[in-house]
Amino acid sequence: MTSALKAQTLSIPAELSAEAQQVRDALVAAGLETPMTTNRLSRDDKYQTIKDAFTQITEALGLDLNDDSLAETPHRIAKMYVDEIFSGLDYSQFPKISVIDNKMNVEEMVCIDDISLISTCEHHFVTIDGVAKIAYIPKEKIIGLSKINRIVRFFAQRPQVQERLTQQVLVALQTLLQTDDVAVTMNATHYCVKSRGVMDANSHTRTTALGGVFKLNQATRCEFLQA
């Protein structure tokens with residue numbers, strides 16, 4: 001283990017689940033972890049810091065925080081950032097995972113389609129809105145289906161780029177399922193493209209991450225992509 005990896009691993013709070021630690025270690029080792037620093041701020045510290053910052057932002061824009069429509073805006077944004085749309089930065093919020101032995105000897109593809117995907121572009125802090133499709137071929141373990149949706153949601157609740165998000169979900173599932181045979185594709189609208197800049201309301205971005213047989217076997221890859 002490199003010194004950098006060891007340092008990041010040691011910074012994981014003791015209360016994290018074994019699954020959260022395993023996934024985080026795998027992402028760090030693969031160079032796919034979201035760029036983060038350890039600032040040691042509590043939830044309340046983060047809330048207050050963000051609330052103060054957004055008070056300054058709204059005032060800098062010339063908005064009147066004495067107006068009853070705006071008075072609670074810094075509070076709402078701070079609470080939303082910490083407790084909702086960026087809660088995936090906190091591994092203590094990693095979903096409780098149900099992985100069980102593959103006693104049924106399932107050996108065909110398990111595919112979950114149309115998984116809702118809402119995230120935030122880390123470049124402009126505006127919405128990414130789309131769907132994900134995920135498949136895996138069981139070996140020794142299978143996972144509760146809703147847990148796959150929850151894993152997507154966890155990693156989506158961060159400032160993200162879609163390419164990294166796709167890879168993070170892939171590596172997380174490979175780690176938990178103890179198999180490389182996982183595939184992930186995401187199709188999303190980026191509001192940094194739709195609502196600003198070029199203001200293209202029609203384009204979508206598709207990203208794909210393939211592992212194991214999905215990468216090596218053309219027939220399996222086509223079955224997944226065309227399903």
# chains A, B, ... in the order shown; residues from 1 in each chain; ligands from 1
>>> residues_around(residues="Ile112 in chain A", least_positions_apart="4", cutoff="10 Å", atoms="only C-alpha atoms", output="number ranges by chain")
A: 132-136, 145-146, 148-149, 184
>>> select_by_dssp(residues="range 24-190 of chain A", states="alpha helix (DSSP H)", output="short mmCIF file (atom, residue, chain, number, x, y, z; two decimals) with C-alpha atoms, in the first residue's frame")
data_model
loop_
_atom_site.label_atom_id
_atom_site.label_comp_id
_atom_site.auth_asym_id
_atom_site.auth_seq_id
_atom_site.Cartn_x
_atom_site.Cartn_y
_atom_site.Cartn_z
CA ARG A 24 -13.73 3.69 -0.67
CA ASP A 25 -10.41 1.82 -0.58
CA ALA A 26 -11.12 0.35 -4.02
CA LEU A 27 -11.90 3.77 -5.49
CA VAL A 28 -8.79 5.33 -3.96
CA ALA A 29 -6.65 2.49 -5.31
CA ALA A 30 -8.18 2.92 -8.77
CA ARG A 43 -22.32 18.45 10.04
CA ASP A 44 -23.32 21.60 11.92
CA ASP A 45 -20.01 23.29 11.11
CA LYS A 46 -20.53 22.60 7.42
CA TYR A 47 -24.09 23.87 7.58
CA GLN A 48 -23.08 27.14 9.26
CA THR A 49 -20.13 27.75 6.93
CA ILE A 50 -22.27 27.24 3.83
CA LYS A 51 -25.12 29.32 5.25
CA ASP A 52 -22.73 32.21 5.93
CA ALA A 53 -21.23 31.92 2.45
CA PHE A 54 -24.63 31.97 0.75
CA THR A 55 -25.66 34.95 2.83
CA GLN A 56 -22.70 36.77 1.32
CA ILE A 57 -23.54 35.52 -2.18
CA THR A 58 -27.16 36.64 -2.04
CA GLU A 59 -26.13 40.01 -0.64
CA ALA A 60 -23.47 40.38 -3.34
CA THR A 73 -32.69 31.03 1.35
CA PRO A 74 -29.16 30.67 2.83
CA HIS A 75 -30.57 28.24 5.42
CA ARG A 76 -32.39 26.21 2.77
CA ILE A 77 -29.33 25.97 0.53
CA ALA A 78 -26.99 25.01 3.38
CA LYS A 79 -29.37 22.30 4.62
CA MET A 80 -29.90 21.02 1.07
CA LEU A 145 -31.87 -5.15 -6.30
CA SER A 146 -32.84 -1.95 -4.50
CA LYS A 147 -29.28 -1.71 -3.19
CA ILE A 148 -28.03 -1.09 -6.72
CA ASN A 149 -30.35 1.92 -7.01
CA ARG A 150 -29.13 3.16 -3.64
CA ILE A 151 -25.48 2.87 -4.67
CA VAL A 152 -26.18 4.94 -7.79
CA ARG A 153 -27.94 7.52 -5.65
CA PHE A 154 -25.10 7.64 -3.11
CA PHE A 155 -22.44 8.45 -5.68
CA ALA A 156 -24.77 10.79 -7.55
CA GLN A 162 -20.58 11.80 -15.42
CA GLU A 163 -17.52 9.85 -16.51
CA ARG A 164 -16.28 9.48 -12.93
CA LEU A 165 -19.74 8.70 -11.59
CA THR A 166 -20.12 5.84 -14.07
CA GLN A 167 -16.76 4.36 -13.07
CA GLN A 168 -17.43 4.77 -9.36
CA VAL A 169 -20.63 2.75 -9.57
CA LEU A 170 -18.83 0.07 -11.58
CA VAL A 171 -15.98 -0.31 -9.09
CA ALA A 172 -18.32 -0.21 -6.09
CA LEU A 173 -20.39 -3.08 -7.46
CA GLN A 174 -17.34 -5.08 -8.53
CA THR A 175 -15.99 -4.73 -5.00
CA LEU A 176 -19.21 -5.70 -3.25
CA LEU A 177 -20.11 -8.55 -5.62
#
>>> residues_around(residues="Leu216 in chain A", least_positions_apart="6", cutoff="12 Å", atoms="only C-alpha atoms", output="list in words")
Asp180, Asp181, Val182, Ala183, Leu210 and Cys222 of chain A
>>> write_last_selection(atoms="N, CA, C and O atoms", output="PDB file, in the first residue's frame")
ATOM      1  N   ASP A 180     -15.609  -9.110 -11.551  1.00  0.00           N
ATOM      2  CA  ASP A 180     -15.366  -8.048 -12.530  1.00  0.00           C
ATOM      3  C   ASP A 180     -16.526  -7.908 -13.504  1.00  0.00           C
ATOM      4  O   ASP A 180     -16.600  -6.922 -14.247  1.00  0.00           O
ATOM      5  N   ASP A 181     -17.426  -8.878 -13.525  1.00  0.00           N
ATOM      6  CA  ASP A 181     -18.455  -8.940 -14.562  1.00  0.00           C
ATOM      7  C   ASP A 181     -19.627  -7.998 -14.266  1.00  0.00           C
ATOM      8  O   ASP A 181     -20.747  -8.408 -13.926  1.00  0.00           O
ATOM      9  N   VAL A 182     -19.344  -6.705 -14.372  1.00  0.00           N
ATOM     10  CA  VAL A 182     -20.322  -5.656 -14.109  1.00  0.00           C
ATOM     11  C   VAL A 182     -20.283  -4.669 -15.267  1.00  0.00           C
ATOM     12  O   VAL A 182     -19.224  -4.416 -15.854  1.00  0.00           O
ATOM     13  N   ALA A 183     -21.442  -4.114 -15.602  1.00  0.00           N
ATOM     14  CA  ALA A 183     -21.533  -3.106 -16.665  1.00  0.00           C
ATOM     15  C   ALA A 183     -22.454  -1.988 -16.225  1.00  0.00           C
ATOM     16  O   ALA A 183     -23.482  -2.231 -15.592  1.00  0.00           O
ATOM     17  N   LEU A 210     -17.393  -0.788 -18.519  1.00  0.00           N
ATOM     18  CA  LEU A 210     -17.554  -2.235 -18.666  1.00  0.00           C
ATOM     19  C   LEU A 210     -16.426  -2.962 -17.949  1.00  0.00           C
ATOM     20  O   LEU A 210     -15.268  -2.548 -17.992  1.00  0.00           O
ATOM     21  N   CYS A 222     -23.030  -6.648 -26.281  1.00  0.00           N
ATOM     22  CA  CYS A 222     -24.169  -6.247 -27.119  1.00  0.00           C
ATOM     23  C   CYS A 222     -25.490  -6.554 -26.444  1.00  0.00           C
ATOM     24  O   CYS A 222     -26.452  -5.777 -26.539  1.00  0.00           O
TER      25      CYS A 222
END
>>> residues_around(residues="Met36 in chain A", least_positions_apart="3", cutoff="10 Å", atoms="only C-alpha atoms", output="list in words")
Glu33, Asn39 and Leu89 of chain A
>>> closest_residue(among="A:Gln178, A:Ser69, A:His124, A:Leu117", to="Gly197 in chain A", atoms="only C-alpha atoms")
A:His124
>>> closest_residue(among="A:Thr179, A:Val126, A:Thr220, A:Asn102", to="Lys194 in chain A", atoms="only C-alpha atoms")
A:Val126
>>> closest_residue(among="A:Tyr191, A:Phe94, A:Phe86, A:Tyr81", to="Cys121 in chain A", atoms="only C-alpha atoms")
A:Tyr191
>>> select_by_dssp(residues="range 6-223 of chain A", states="strand (DSSP E)", output="PyMOL selection string")
chain A and resi 99-101+110-121+127-136+141-143+159-160+182-190+205-210
>>> atom_distance(atom1="CA of Asp114 in chain A", atom2="CA of Val131 in chain A")
5.3 Å
>>> closest_residue(among="A:Met109, A:Ala71, A:Ile118, A:Met104", to="Asn187 in chain A", atoms="only C-alpha atoms")
A:Ile118
>>> atom_distance(atom1="CA of Pro35 in chain A", atom2="CA of Gln160 in chain A")
9.9 Å
>>> closest_atom_pairs(of="range 26-92 of chain A", to="range 14-20 of chain A", cutoff="10 Å", atoms="only C-alpha atoms", output="CSV")
residue,atom,partner,partner_atom,distance
A:Ala26,CA,A:Ala20,CA,9.9
A:Asp90,CA,A:Leu16,CA,9.7
A:Tyr91,CA,A:Ala20,CA,6.2
A:Ser92,CA,A:Leu16,CA,5.3
>>> closest_residue(among="A:Lys139, A:His190, A:Arg206, A:Arg40", to="Leu225 in chain A", atoms="only C-alpha atoms")
A:Arg206
>>> atom_distance(atom1="CA of Ala188 in chain A", atom2="CA of Ser116 in chain A")
9.9 Å
>>> closest_residue(among="A:Ile137, A:Ile143, A:Val23, A:Ile128", to="Thr189 in chain A", atoms="only C-alpha atoms")
A:Ile128
